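Below is one structure, written out as structure tokens; comments come after it.
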Amino acid sequence: MVQKVALLTAGGFAPCLSSAIGGLIGRYTEVAPDVEIIAYKYGYQGLLTGDYLEVTPEVRAKAHLLHLYGGSPIGNSRVKLTNAKDLVKRGLVAEGDDPLKVAADRLVADGVDVLHTIGGDDTNTTAADLAAYLASNDYGLTVVGLPKTIDNDVVPIRQSLGADTAAEMGARFARNVLAEHNAGTRILIVHEVMGRNCGWLTAATARKYREWLSTAEWLPEIGLDAKAWDVHAVFVPEAVIDLQAEAARLKEVMDTVGNVTMFISEGAGVESIVAEMEKAGEEVARDAFGHIRLERINPGAWFAKQFAEMLGAQKILVQKSGYYSRSAAANSYDLDLIRSMTDLAVDSALRGEPGVIGHDEENGDVLTAIAFDRIKGGKPFDIEQDWYLDLLSEIGQPEPVAAPPAEH
């Protein structure tokens, strides 16, 4: 019988964390009001240190407010429970301790029967490691995860929480940035969008932006021209970027339209950039999960530099929508998705059924609790989808050629 549950959010922000917390609290209050709820602060860091907030009756009564905000009220961190060396260095466990055992013992000490994790592939693979440890050592706890990532790249989940909102916010961000297209002559605008290995968010952001473009009313006679406000190139990690061919195509756009705008995934072409850095003897910074720290690489700036001379650009503007997009409050689409998933997460937890909640692409898109051992990151964006091919055709970009899988 479930008497006490714990919540935690982890990894990077997405426009669903606050709402997912509110949804879980609301569902428990609705169907199992006697269940005690705590929330570990700063993700797995709070779990290791025993730092948590109690969900009081006052919080339960106003949990609906959490749907109105972005970010995570209980905080996030990037902590991998199987990276003992990093955890010792950060003072989260003692030398020689097994972090999984420290976490499991903390859950037992806190009287937790169910742990809800809200995060992306790293968060849920870490949850999988913890769930496996709990099961193999007879701890008797249930772990139920919710899929959060603006990259929408969790296997086998059809749609991750917050991704649609992030695309919508990126498109809104772009509307202001692209208004700069004639703040000078021959301007190159590079809109860098989050997406380490997956180009879904970049493509979806461009799609939503162009949906606005196609419904807006223009007045080209006075210079208010949709062609100048348009997206002229979309670059994703899954496709080869032919710099010379694209430069030749985009040079014609620059000469004709007067400006060029690119939407580019932060992970596109990173292998080439890293190879140049390592060749020059520069250190490539990585996080606790071994991922390259893309904010230190600046792919948008790198590509802007490569294209600028070939396009004859007189001004370069590189803008990143990532933090603006990922910290937004959930839109109506995501609110509906969150509600369906948090309801099932609570129901699964009360039944003692572990897993990550999502529409299972490998099982008819059924919304279910997917076994942790089936969850993994790195789901690539399908560059052969009709809507994406149509988008590229409309902006004059050739059909994509698949690139080797990214490893960064």
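A note on labels: chains of the structure tokens are A, B, ... as shown, every chain counts residues from 1, and ligands are counted from 1 in their shown order.
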
Exercise: segment 37-46 of chain A partners within 6 Å, only C-alpha atoms, chain neighbours under 6 positions left out, as a PyMOL selection string:
chain A and resi 4-10+52-55+74-77+79

For the residues selected in the previous step, produce a file with C-alpha atoms as an mmCIF file, in the first residue's frame.
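File written: selection_21.cif
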```
data_model
loop_
_atom_site.group_PDB
_atom_site.id
_atom_site.type_symbol
_atom_site.label_atom_id
_atom_site.label_comp_id
_atom_site.auth_asym_id
_atom_site.auth_seq_id
_atom_site.Cartn_x
_atom_site.Cartn_y
_atom_site.Cartn_z
ATOM 1 C CA LYS A 4 4.378 8.188 0.766
ATOM 2 C CA VAL A 5 5.631 9.325 -2.638
ATOM 3 C CA ALA A 6 8.544 11.493 -3.683
ATOM 4 C CA LEU A 7 8.954 13.679 -6.770
ATOM 5 C CA LEU A 8 12.067 14.981 -8.464
ATOM 6 C CA THR A 9 12.883 16.852 -11.670
ATOM 7 C CA ALA A 10 16.285 16.569 -13.295
ATOM 8 C CA TYR A 52 13.313 17.926 0.233
ATOM 9 C CA LEU A 53 10.154 20.002 0.490
ATOM 10 C CA GLU A 54 6.929 18.702 1.992
ATOM 11 C CA VAL A 55 3.747 19.055 -0.054
ATOM 12 C CA ILE A 74 11.824 22.303 -6.853
ATOM 13 C CA GLY A 75 14.992 22.770 -8.905
ATOM 14 C CA ASN A 76 17.086 20.618 -11.227
ATOM 15 C CA SER A 77 20.653 19.362 -11.462
ATOM 16 C CA VAL A 79 23.604 14.143 -11.482
#
```

For Ala248 of chain A: contacts at 12 Å, only C-alpha atoms, fewer than 2 positions along chain excluded, given as a PDB file with N, CA and C atoms, in the first residue's frame:
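Once written, result-v8.pdb looks like this:
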```pdb
ATOM      1  N   ASP A 242      26.436  20.455 -46.684  1.00  0.00           N
ATOM      2  CA  ASP A 242      27.385  20.724 -47.774  1.00  0.00           C
ATOM      3  C   ASP A 242      27.617  22.234 -47.821  1.00  0.00           C
ATOM      4  N   LEU A 243      28.672  22.667 -47.167  1.00  0.00           N
ATOM      5  CA  LEU A 243      28.929  24.099 -47.021  1.00  0.00           C
ATOM      6  C   LEU A 243      29.036  24.809 -48.368  1.00  0.00           C
ATOM      7  N   GLN A 244      29.768  24.223 -49.289  1.00  0.00           N
ATOM      8  CA  GLN A 244      29.992  24.896 -50.567  1.00  0.00           C
ATOM      9  C   GLN A 244      28.699  25.012 -51.374  1.00  0.00           C
ATOM     10  N   ALA A 245      27.947  23.906 -51.449  1.00  0.00           N
ATOM     11  CA  ALA A 245      26.699  23.921 -52.213  1.00  0.00           C
ATOM     12  C   ALA A 245      25.675  24.851 -51.585  1.00  0.00           C
ATOM     13  N   GLU A 246      25.568  24.819 -50.264  1.00  0.00           N
ATOM     14  CA  GLU A 246      24.606  25.681 -49.587  1.00  0.00           C
ATOM     15  C   GLU A 246      25.014  27.147 -49.696  1.00  0.00           C
ATOM     16  N   LEU A 250      22.625  29.964 -51.129  1.00  0.00           N
ATOM     17  CA  LEU A 250      22.248  31.075 -50.253  1.00  0.00           C
ATOM     18  C   LEU A 250      22.840  32.405 -50.720  1.00  0.00           C
ATOM     19  N   LYS A 251      23.919  32.354 -51.485  1.00  0.00           N
ATOM     20  CA  LYS A 251      24.475  33.584 -52.061  1.00  0.00           C
ATOM     21  C   LYS A 251      23.451  34.211 -53.020  1.00  0.00           C
ATOM     22  N   GLU A 252      22.744  33.376 -53.759  1.00  0.00           N
ATOM     23  CA  GLU A 252      21.687  33.881 -54.646  1.00  0.00           C
ATOM     24  C   GLU A 252      20.558  34.518 -53.837  1.00  0.00           C
ATOM     25  N   VAL A 253      20.230  33.896 -52.690  1.00  0.00           N
ATOM     26  CA  VAL A 253      19.197  34.470 -51.824  1.00  0.00           C
ATOM     27  C   VAL A 253      19.651  35.826 -51.306  1.00  0.00           C
ATOM     28  N   MET A 254      20.891  35.894 -50.835  1.00  0.00           N
ATOM     29  CA  MET A 254      21.421  37.151 -50.314  1.00  0.00           C
ATOM     30  C   MET A 254      21.395  38.234 -51.389  1.00  0.00           C
ATOM     31  N   ASP A 255      21.801  37.885 -52.609  1.00  0.00           N
ATOM     32  CA  ASP A 255      21.850  38.861 -53.698  1.00  0.00           C
ATOM     33  C   ASP A 255      20.454  39.331 -54.108  1.00  0.00           C
ATOM     34  N   PHE A 307      29.980  30.796 -43.254  1.00  0.00           N
ATOM     35  CA  PHE A 307      29.122  31.265 -44.338  1.00  0.00           C
ATOM     36  C   PHE A 307      29.312  32.748 -44.671  1.00  0.00           C
ATOM     37  N   ALA A 308      29.676  33.541 -43.680  1.00  0.00           N
ATOM     38  CA  ALA A 308      29.665  34.999 -43.855  1.00  0.00           C
ATOM     39  C   ALA A 308      30.465  35.466 -45.061  1.00  0.00           C
ATOM     40  N   GLU A 309      31.692  34.998 -45.175  1.00  0.00           N
ATOM     41  CA  GLU A 309      32.545  35.448 -46.278  1.00  0.00           C
ATOM     42  C   GLU A 309      32.010  34.953 -47.615  1.00  0.00           C
ATOM     43  N   MET A 310      31.532  33.687 -47.632  1.00  0.00           N
ATOM     44  CA  MET A 310      31.047  33.124 -48.893  1.00  0.00           C
ATOM     45  C   MET A 310      29.772  33.805 -49.374  1.00  0.00           C
ATOM     46  N   LEU A 311      28.997  34.360 -48.443  1.00  0.00           N
ATOM     47  CA  LEU A 311      27.752  35.033 -48.815  1.00  0.00           C
ATOM     48  C   LEU A 311      27.944  36.533 -49.003  1.00  0.00           C
ATOM     49  N   GLY A 312      29.114  37.029 -48.680  1.00  0.00           N
ATOM     50  CA  GLY A 312      29.336  38.470 -48.750  1.00  0.00           C
ATOM     51  C   GLY A 312      28.516  39.214 -47.714  1.00  0.00           C
ATOM     52  N   GLN A 397      15.608  24.443 -50.415  1.00  0.00           N
ATOM     53  CA  GLN A 397      16.748  23.651 -49.942  1.00  0.00           C
ATOM     54  C   GLN A 397      16.633  22.225 -50.484  1.00  0.00           C
TER      55      GLN A 397
END
```

Asp153 of chain A surroundings by only C-alpha atoms, 7 Å radius, close-in-sequence under 6 positions cut, as a list in words:
Cys198, Gly377, Gly378, Lys379 and Pro380 of chain A

Enumerate as a PyMOL selection string all residues of segment 54-172 of chain A assigned to strand (DSSP E or B) by DSSP on the backbone, naming them with the chain letters and numbers the document uses.
chain A and resi 54+114-119+142-148+155+157+161

Saved selection, atoms kept: N, CA, C and O atoms, as a PDB file, in the first residue's frame:
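out-v9.pdb, written as the output of this step:
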```pdb
ATOM      1  N   GLU A  54       8.155  19.444   1.730  1.00  0.00           N
ATOM      2  CA  GLU A  54       6.929  18.702   1.992  1.00  0.00           C
ATOM      3  C   GLU A  54       5.766  19.360   1.256  1.00  0.00           C
ATOM      4  O   GLU A  54       5.650  20.586   1.234  1.00  0.00           O
ATOM      5  N   VAL A 114       7.061   5.288  -3.425  1.00  0.00           N
ATOM      6  CA  VAL A 114       7.065   5.536  -4.868  1.00  0.00           C
ATOM      7  C   VAL A 114       7.926   6.758  -5.152  1.00  0.00           C
ATOM      8  O   VAL A 114       7.804   7.782  -4.474  1.00  0.00           O
ATOM      9  N   LEU A 115       8.784   6.645  -6.165  1.00  0.00           N
ATOM     10  CA  LEU A 115       9.568   7.791  -6.624  1.00  0.00           C
ATOM     11  C   LEU A 115       9.132   8.134  -8.038  1.00  0.00           C
ATOM     12  O   LEU A 115       9.177   7.287  -8.935  1.00  0.00           O
ATOM     13  N   HIS A 116       8.712   9.385  -8.247  1.00  0.00           N
ATOM     14  CA  HIS A 116       8.382   9.884  -9.578  1.00  0.00           C
ATOM     15  C   HIS A 116       9.544  10.733 -10.079  1.00  0.00           C
ATOM     16  O   HIS A 116       9.902  11.732  -9.454  1.00  0.00           O
ATOM     17  N   THR A 117      10.133  10.332 -11.204  1.00  0.00           N
ATOM     18  CA  THR A 117      11.202  11.104 -11.829  1.00  0.00           C
ATOM     19  C   THR A 117      10.645  11.790 -13.069  1.00  0.00           C
ATOM     20  O   THR A 117       9.908  11.185 -13.851  1.00  0.00           O
ATOM     21  N   ILE A 118      10.975  13.051 -13.242  1.00  0.00           N
ATOM     22  CA  ILE A 118      10.521  13.817 -14.405  1.00  0.00           C
ATOM     23  C   ILE A 118      11.766  14.340 -15.095  1.00  0.00           C
ATOM     24  O   ILE A 118      12.459  15.220 -14.580  1.00  0.00           O
ATOM     25  N   GLY A 119      12.077  13.779 -16.265  1.00  0.00           N
ATOM     26  CA  GLY A 119      13.299  14.176 -16.942  1.00  0.00           C
ATOM     27  C   GLY A 119      13.434  13.527 -18.294  1.00  0.00           C
ATOM     28  O   GLY A 119      12.544  12.807 -18.754  1.00  0.00           O
ATOM     29  N   THR A 142       8.708   1.526  -5.899  1.00  0.00           N
ATOM     30  CA  THR A 142       8.302   1.635  -7.297  1.00  0.00           C
ATOM     31  C   THR A 142       8.787   2.966  -7.858  1.00  0.00           C
ATOM     32  O   THR A 142       8.616   4.008  -7.223  1.00  0.00           O
ATOM     33  N   VAL A 143       9.389   2.927  -9.046  1.00  0.00           N
ATOM     34  CA  VAL A 143       9.839   4.141  -9.717  1.00  0.00           C
ATOM     35  C   VAL A 143       9.008   4.328 -10.987  1.00  0.00           C
ATOM     36  O   VAL A 143       8.908   3.412 -11.809  1.00  0.00           O
ATOM     37  N   VAL A 144       8.398   5.511 -11.124  1.00  0.00           N
ATOM     38  CA  VAL A 144       7.593   5.828 -12.301  1.00  0.00           C
ATOM     39  C   VAL A 144       8.110   7.143 -12.880  1.00  0.00           C
ATOM     40  O   VAL A 144       8.119   8.174 -12.206  1.00  0.00           O
ATOM     41  N   GLY A 145       8.526   7.108 -14.142  1.00  0.00           N
ATOM     42  CA  GLY A 145       9.104   8.287 -14.774  1.00  0.00           C
ATOM     43  C   GLY A 145       8.155   8.971 -15.729  1.00  0.00           C
ATOM     44  O   GLY A 145       7.208   8.370 -16.240  1.00  0.00           O
ATOM     45  N   LEU A 146       8.425  10.254 -15.977  1.00  0.00           N
ATOM     46  CA  LEU A 146       7.720  11.028 -16.992  1.00  0.00           C
ATOM     47  C   LEU A 146       8.758  11.588 -17.958  1.00  0.00           C
ATOM     48  O   LEU A 146       9.816  12.065 -17.525  1.00  0.00           O
ATOM     49  N   PRO A 147       8.481  11.546 -19.282  1.00  0.00           N
ATOM     50  CA  PRO A 147       9.489  11.931 -20.282  1.00  0.00           C
ATOM     51  C   PRO A 147       9.509  13.419 -20.576  1.00  0.00           C
ATOM     52  O   PRO A 147       8.583  13.967 -21.153  1.00  0.00           O
ATOM     53  N   LYS A 148      10.572  14.077 -20.174  1.00  0.00           N
ATOM     54  CA  LYS A 148      10.736  15.503 -20.406  1.00  0.00           C
ATOM     55  C   LYS A 148      11.952  15.723 -21.276  1.00  0.00           C
ATOM     56  O   LYS A 148      13.052  15.331 -20.914  1.00  0.00           O
ATOM     57  N   VAL A 155      13.529   7.167 -26.959  1.00  0.00           N
ATOM     58  CA  VAL A 155      13.038   5.909 -27.528  1.00  0.00           C
ATOM     59  C   VAL A 155      12.325   5.133 -26.434  1.00  0.00           C
ATOM     60  O   VAL A 155      12.860   5.004 -25.327  1.00  0.00           O
ATOM     61  N   ILE A 157       9.286   6.685 -27.143  1.00  0.00           N
ATOM     62  CA  ILE A 157       8.169   7.572 -26.823  1.00  0.00           C
ATOM     63  C   ILE A 157       7.889   8.532 -27.976  1.00  0.00           C
ATOM     64  O   ILE A 157       8.793   9.221 -28.465  1.00  0.00           O
ATOM     65  N   LEU A 161       7.135  15.427 -23.189  1.00  0.00           N
ATOM     66  CA  LEU A 161       6.477  16.579 -22.589  1.00  0.00           C
ATOM     67  C   LEU A 161       7.317  17.841 -22.791  1.00  0.00           C
ATOM     68  O   LEU A 161       8.528  17.832 -22.595  1.00  0.00           O
TER      69      LEU A 161
END
```

Taking the DSSP assignment computed from this structure's backbone, write out as a PyMOL selection string all residues of segment 253-327 of chain A that belong to helix (DSSP H, G or I).
chain A and resi 253-257+270-279+294-297+299-311+322-326

Keeping N, CA and C atoms, export the residues of the selection given above as a CSV table (one decimal), in the first residue's frame.
```
chain,number,residue,atom,x,y,z
A,253,VAL,N,20.2,33.9,-52.7
A,253,VAL,CA,19.2,34.5,-51.8
A,253,VAL,C,19.7,35.8,-51.3
A,254,MET,N,20.9,35.9,-50.8
A,254,MET,CA,21.4,37.2,-50.3
A,254,MET,C,21.4,38.2,-51.4
A,255,ASP,N,21.8,37.9,-52.6
A,255,ASP,CA,21.8,38.9,-53.7
A,255,ASP,C,20.5,39.3,-54.1
A,256,THR,N,19.5,38.4,-54.0
A,256,THR,CA,18.1,38.7,-54.5
A,256,THR,C,17.3,39.4,-53.4
A,257,VAL,N,17.3,38.7,-52.2
A,257,VAL,CA,16.4,39.2,-51.1
A,257,VAL,C,17.1,40.2,-50.3
A,270,VAL,N,28.8,19.4,-35.2
A,270,VAL,CA,29.7,19.5,-34.1
A,270,VAL,C,31.0,18.7,-34.2
A,271,GLU,N,30.9,17.5,-34.9
A,271,GLU,CA,32.0,16.7,-35.1
A,271,GLU,C,33.2,17.4,-35.8
A,272,SER,N,32.8,18.2,-36.8
A,272,SER,CA,33.8,19.0,-37.6
A,272,SER,C,34.4,20.1,-36.7
A,273,ILE,N,33.6,20.7,-35.9
A,273,ILE,CA,34.1,21.8,-35.0
A,273,ILE,C,35.0,21.2,-34.0
A,274,VAL,N,34.6,20.1,-33.3
A,274,VAL,CA,35.5,19.4,-32.3
A,274,VAL,C,36.8,19.0,-32.9
A,275,ALA,N,36.7,18.4,-34.1
A,275,ALA,CA,37.9,17.9,-34.8
A,275,ALA,C,38.9,19.1,-35.0
A,276,GLU,N,38.4,20.3,-35.3
A,276,GLU,CA,39.3,21.4,-35.5
A,276,GLU,C,39.9,21.9,-34.1
A,277,MET,N,39.0,21.8,-33.1
A,277,MET,CA,39.5,22.2,-31.7
A,277,MET,C,40.6,21.3,-31.3
A,278,GLU,N,40.4,20.0,-31.4
A,278,GLU,CA,41.4,19.0,-30.9
A,278,GLU,C,42.7,19.1,-31.8
A,279,LYS,N,42.5,19.3,-33.0
A,279,LYS,CA,43.7,19.5,-33.9
A,279,LYS,C,44.5,20.7,-33.4
A,294,LEU,N,28.0,22.0,-25.2
A,294,LEU,CA,27.8,22.7,-26.5
A,294,LEU,C,27.8,24.2,-26.3
A,295,GLU,N,27.5,24.7,-25.1
A,295,GLU,CA,27.6,26.2,-24.9
A,295,GLU,C,29.0,26.7,-25.0
A,296,ARG,N,30.0,25.8,-24.9
A,296,ARG,CA,31.4,26.1,-25.0
A,296,ARG,C,31.8,26.1,-26.5
A,297,ILE,N,31.0,25.4,-27.3
A,297,ILE,CA,31.4,25.2,-28.7
A,297,ILE,C,30.9,26.3,-29.6
A,299,PRO,N,28.2,26.3,-32.0
A,299,PRO,CA,28.1,26.0,-33.4
A,299,PRO,C,27.5,27.1,-34.2
A,300,GLY,N,26.5,27.8,-33.7
A,300,GLY,CA,25.9,28.9,-34.5
A,300,GLY,C,26.9,29.9,-34.9
A,301,ALA,N,27.8,30.3,-34.0
A,301,ALA,CA,28.8,31.3,-34.3
A,301,ALA,C,29.8,30.7,-35.3
A,302,TRP,N,30.1,29.4,-35.2
A,302,TRP,CA,31.1,28.8,-36.1
A,302,TRP,C,30.5,28.7,-37.5
A,303,PHE,N,29.3,28.3,-37.7
A,303,PHE,CA,28.7,28.3,-39.0
A,303,PHE,C,28.5,29.7,-39.6
A,304,ALA,N,28.2,30.7,-38.7
A,304,ALA,CA,28.1,32.0,-39.2
A,304,ALA,C,29.4,32.5,-39.8
A,305,LYS,N,30.5,32.2,-39.1
A,305,LYS,CA,31.8,32.5,-39.6
A,305,LYS,C,32.1,31.9,-40.9
A,306,GLN,N,31.7,30.6,-41.1
A,306,GLN,CA,32.0,29.9,-42.3
A,306,GLN,C,31.3,30.5,-43.5
A,307,PHE,N,30.0,30.8,-43.3
A,307,PHE,CA,29.1,31.3,-44.3
A,307,PHE,C,29.3,32.7,-44.7
A,308,ALA,N,29.7,33.5,-43.7
A,308,ALA,CA,29.7,35.0,-43.9
A,308,ALA,C,30.5,35.5,-45.1
A,309,GLU,N,31.7,35.0,-45.2
A,309,GLU,CA,32.5,35.4,-46.3
A,309,GLU,C,32.0,35.0,-47.6
A,310,MET,N,31.5,33.7,-47.6
A,310,MET,CA,31.0,33.1,-48.9
A,310,MET,C,29.8,33.8,-49.4
A,311,LEU,N,29.0,34.4,-48.4
A,311,LEU,CA,27.8,35.0,-48.8
A,311,LEU,C,27.9,36.5,-49.0
A,322,GLY,N,17.3,28.9,-27.0
A,322,GLY,CA,17.2,27.7,-26.1
A,322,GLY,C,16.6,28.0,-24.7
A,323,TYR,N,17.2,29.0,-24.0
A,323,TYR,CA,16.7,29.2,-22.6
A,323,TYR,C,15.3,29.9,-22.6
A,324,TYR,N,15.1,30.7,-23.6
A,324,TYR,CA,13.8,31.3,-23.7
A,324,TYR,C,12.7,30.3,-23.9
A,325,SER,N,13.0,29.3,-24.8
A,325,SER,CA,12.1,28.3,-25.1
A,325,SER,C,11.9,27.2,-24.0
A,326,ARG,N,13.0,26.8,-23.4
A,326,ARG,CA,12.9,25.7,-22.5
A,326,ARG,C,12.3,26.1,-21.1
```

I want to know what sits within 9 Å of segment 56-68 of chain A, based on only C-alpha atoms, with residues of the same chain fewer than 2 positions away left out; could you give that as a list in words?
Cys16, Leu17, Ser18, Ser19, Ala20, Ile21, Gly22, Gly23, Ile25, Gly26, Thr29, Glu36, Ile37, Ile38, Leu53, Glu54, Gly70, Ser72, Pro73, Ala329, Ala330 and Leu335 of chain A

Please write the residues from the selection above to a file, keeping N, CA, C and O atoms, as a compact mmCIF listing (two decimals), in the first residue's frame.
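The result, written out as result.txt:
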```txt
# COMPACT_ATOMS: atom_id res chain seq x y z
N CYS A 16 7.38 21.89 -19.05
CA CYS A 16 6.44 20.89 -18.54
C CYS A 16 6.70 20.55 -17.09
O CYS A 16 5.86 19.95 -16.44
N LEU A 17 7.88 20.90 -16.59
CA LEU A 17 8.28 20.42 -15.26
C LEU A 17 7.34 20.92 -14.17
O LEU A 17 6.83 20.15 -13.36
N SER A 18 7.13 22.22 -14.14
CA SER A 18 6.24 22.79 -13.12
C SER A 18 4.85 22.21 -13.23
O SER A 18 4.23 21.81 -12.24
N SER A 19 4.35 22.12 -14.46
CA SER A 19 3.01 21.59 -14.68
C SER A 19 2.92 20.11 -14.32
O SER A 19 1.91 19.65 -13.77
N ALA A 20 3.96 19.34 -14.63
CA ALA A 20 3.94 17.92 -14.28
C ALA A 20 3.90 17.72 -12.77
O ALA A 20 3.19 16.82 -12.27
N ILE A 21 4.63 18.56 -12.05
CA ILE A 21 4.57 18.49 -10.58
C ILE A 21 3.15 18.80 -10.11
O ILE A 21 2.59 18.09 -9.27
N GLY A 22 2.58 19.86 -10.68
CA GLY A 22 1.21 20.21 -10.33
C GLY A 22 0.22 19.11 -10.68
O GLY A 22 -0.72 18.83 -9.92
N GLY A 23 0.44 18.45 -11.82
CA GLY A 23 -0.45 17.37 -12.24
C GLY A 23 -0.38 16.17 -11.31
O GLY A 23 -1.41 15.56 -10.98
N ILE A 25 0.62 16.18 -8.12
CA ILE A 25 0.03 16.55 -6.83
C ILE A 25 -1.49 16.56 -6.93
O ILE A 25 -2.19 16.04 -6.04
N GLY A 26 -2.01 17.14 -8.01
CA GLY A 26 -3.46 17.20 -8.18
C GLY A 26 -4.09 15.83 -8.28
O GLY A 26 -5.16 15.58 -7.71
N THR A 29 -4.07 14.06 -4.92
CA THR A 29 -5.07 14.70 -4.06
C THR A 29 -6.48 14.25 -4.44
O THR A 29 -7.35 14.09 -3.58
N GLU A 36 1.11 10.77 1.46
CA GLU A 36 2.02 11.88 1.76
C GLU A 36 2.93 12.11 0.57
O GLU A 36 3.36 11.17 -0.10
N ILE A 37 3.24 13.38 0.28
CA ILE A 37 4.09 13.71 -0.87
C ILE A 37 5.23 14.61 -0.43
O ILE A 37 5.02 15.59 0.28
N ILE A 38 6.45 14.26 -0.88
CA ILE A 38 7.60 15.14 -0.70
C ILE A 38 8.23 15.37 -2.07
O ILE A 38 7.98 14.61 -3.01
N LEU A 53 11.28 19.18 0.05
CA LEU A 53 10.15 20.00 0.49
C LEU A 53 8.96 19.09 0.76
O LEU A 53 8.77 18.09 0.07
N GLU A 54 8.15 19.44 1.73
CA GLU A 54 6.93 18.70 1.99
C GLU A 54 5.77 19.36 1.26
O GLU A 54 5.65 20.59 1.23
N GLY A 70 6.81 28.26 -16.02
CA GLY A 70 7.87 27.44 -16.58
C GLY A 70 8.87 27.09 -15.50
O GLY A 70 8.67 27.35 -14.32
N SER A 72 11.25 24.80 -12.96
CA SER A 72 10.86 23.79 -11.97
C SER A 72 10.95 24.42 -10.59
O SER A 72 12.02 24.83 -10.17
N PRO A 73 9.83 24.48 -9.87
CA PRO A 73 9.86 25.10 -8.54
C PRO A 73 10.75 24.36 -7.55
O PRO A 73 11.21 24.96 -6.57
N ALA A 329 6.19 28.40 -19.81
CA ALA A 329 5.07 27.62 -19.29
C ALA A 329 4.49 26.79 -20.43
O ALA A 329 4.54 27.18 -21.60
N ALA A 330 3.92 25.64 -20.10
CA ALA A 330 3.40 24.73 -21.12
C ALA A 330 2.22 25.34 -21.87
O ALA A 330 1.38 26.03 -21.29
N LEU A 335 -0.23 20.93 -22.02
CA LEU A 335 -1.03 20.79 -20.80
C LEU A 335 -1.93 19.56 -20.89
O LEU A 335 -2.07 18.80 -19.91
```

Who sits within 6 Å of Val236 of chain A, only C-alpha atoms, same chain under 6 positions skipped, as an NGL selection string
:A and (199 or 265 or 268)

Could the residues in this selection be saved with C-alpha atoms as a short mmCIF file (atom, residue, chain, number, x, y, z; two decimals), in the first residue's frame?
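Result file part-v2.cif:
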```cif
data_model
loop_
_atom_site.label_atom_id
_atom_site.label_comp_id
_atom_site.auth_asym_id
_atom_site.auth_seq_id
_atom_site.Cartn_x
_atom_site.Cartn_y
_atom_site.Cartn_z
CA GLY A 199 17.06 18.03 -35.09
CA SER A 265 20.54 22.77 -34.36
CA ALA A 268 24.68 20.16 -36.22
#
```

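Considering only C-alpha atoms, the residue among A:Asp287, A:Glu211, A:Asp113, A:Glu362 positioned nearest to Pro156 of chain A is A:Glu362.
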
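Here atom CA of Asp373 of chain A and atom CA of Thr125 of chain A stand 8.2 Å from one another.
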
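When only C-alpha atoms are used to measure the gap to Ile370 of chain A, the shortest distance among A:Gln385, A:Ala345, A:Asp151, A:Lys80 belongs to A:Ala345.
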
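Candidate residues A:Asn197, A:Thr261, A:Ser332, A:Ser340 were compared for distance to Ile292 of chain A, and the nearest is A:Asn197, using only C-alpha atoms.
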
With only C-alpha atoms as the counted atoms, please give the residues lying no more than 12 Å from Arg207 of chain A, apart from itself and same-chain residues fewer than 6 positions off, as a list in words.
Asp164, Ala167, Glu168, Gly170, Ala171, Arg172, Ala174, Trp200, Leu201, Leu213, Ser214, Asp230, Val231, Ala233, Val234, Phe263, Trp387, Tyr388, Leu389, Asp390, Leu391, Leu392, Glu394 and Ile395 of chain A

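Atom pair atom CA of His359 of chain A / atom CA of Arg158 of chain A: separated by 5.5 Å.
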
Of the candidates A:Gly195, A:Gly91, A:Gly50, A:Pro398, which shows the shortest atom-to-atom distance to Gly111 of chain A, using only C-alpha atoms?
A:Gly50

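Of the residues under consideration (A:Asp86, A:Glu238, A:Asp336, A:Glu221), A:Glu238 shows the shortest atom-to-atom contact distance to Pro404 of chain A when counting only C-alpha atoms.
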
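Among the candidates A:Ala203, A:Arg286, A:Tyr333, A:Thr368, the one nearest to Val346 of chain A when counting only C-alpha atoms is A:Thr368.
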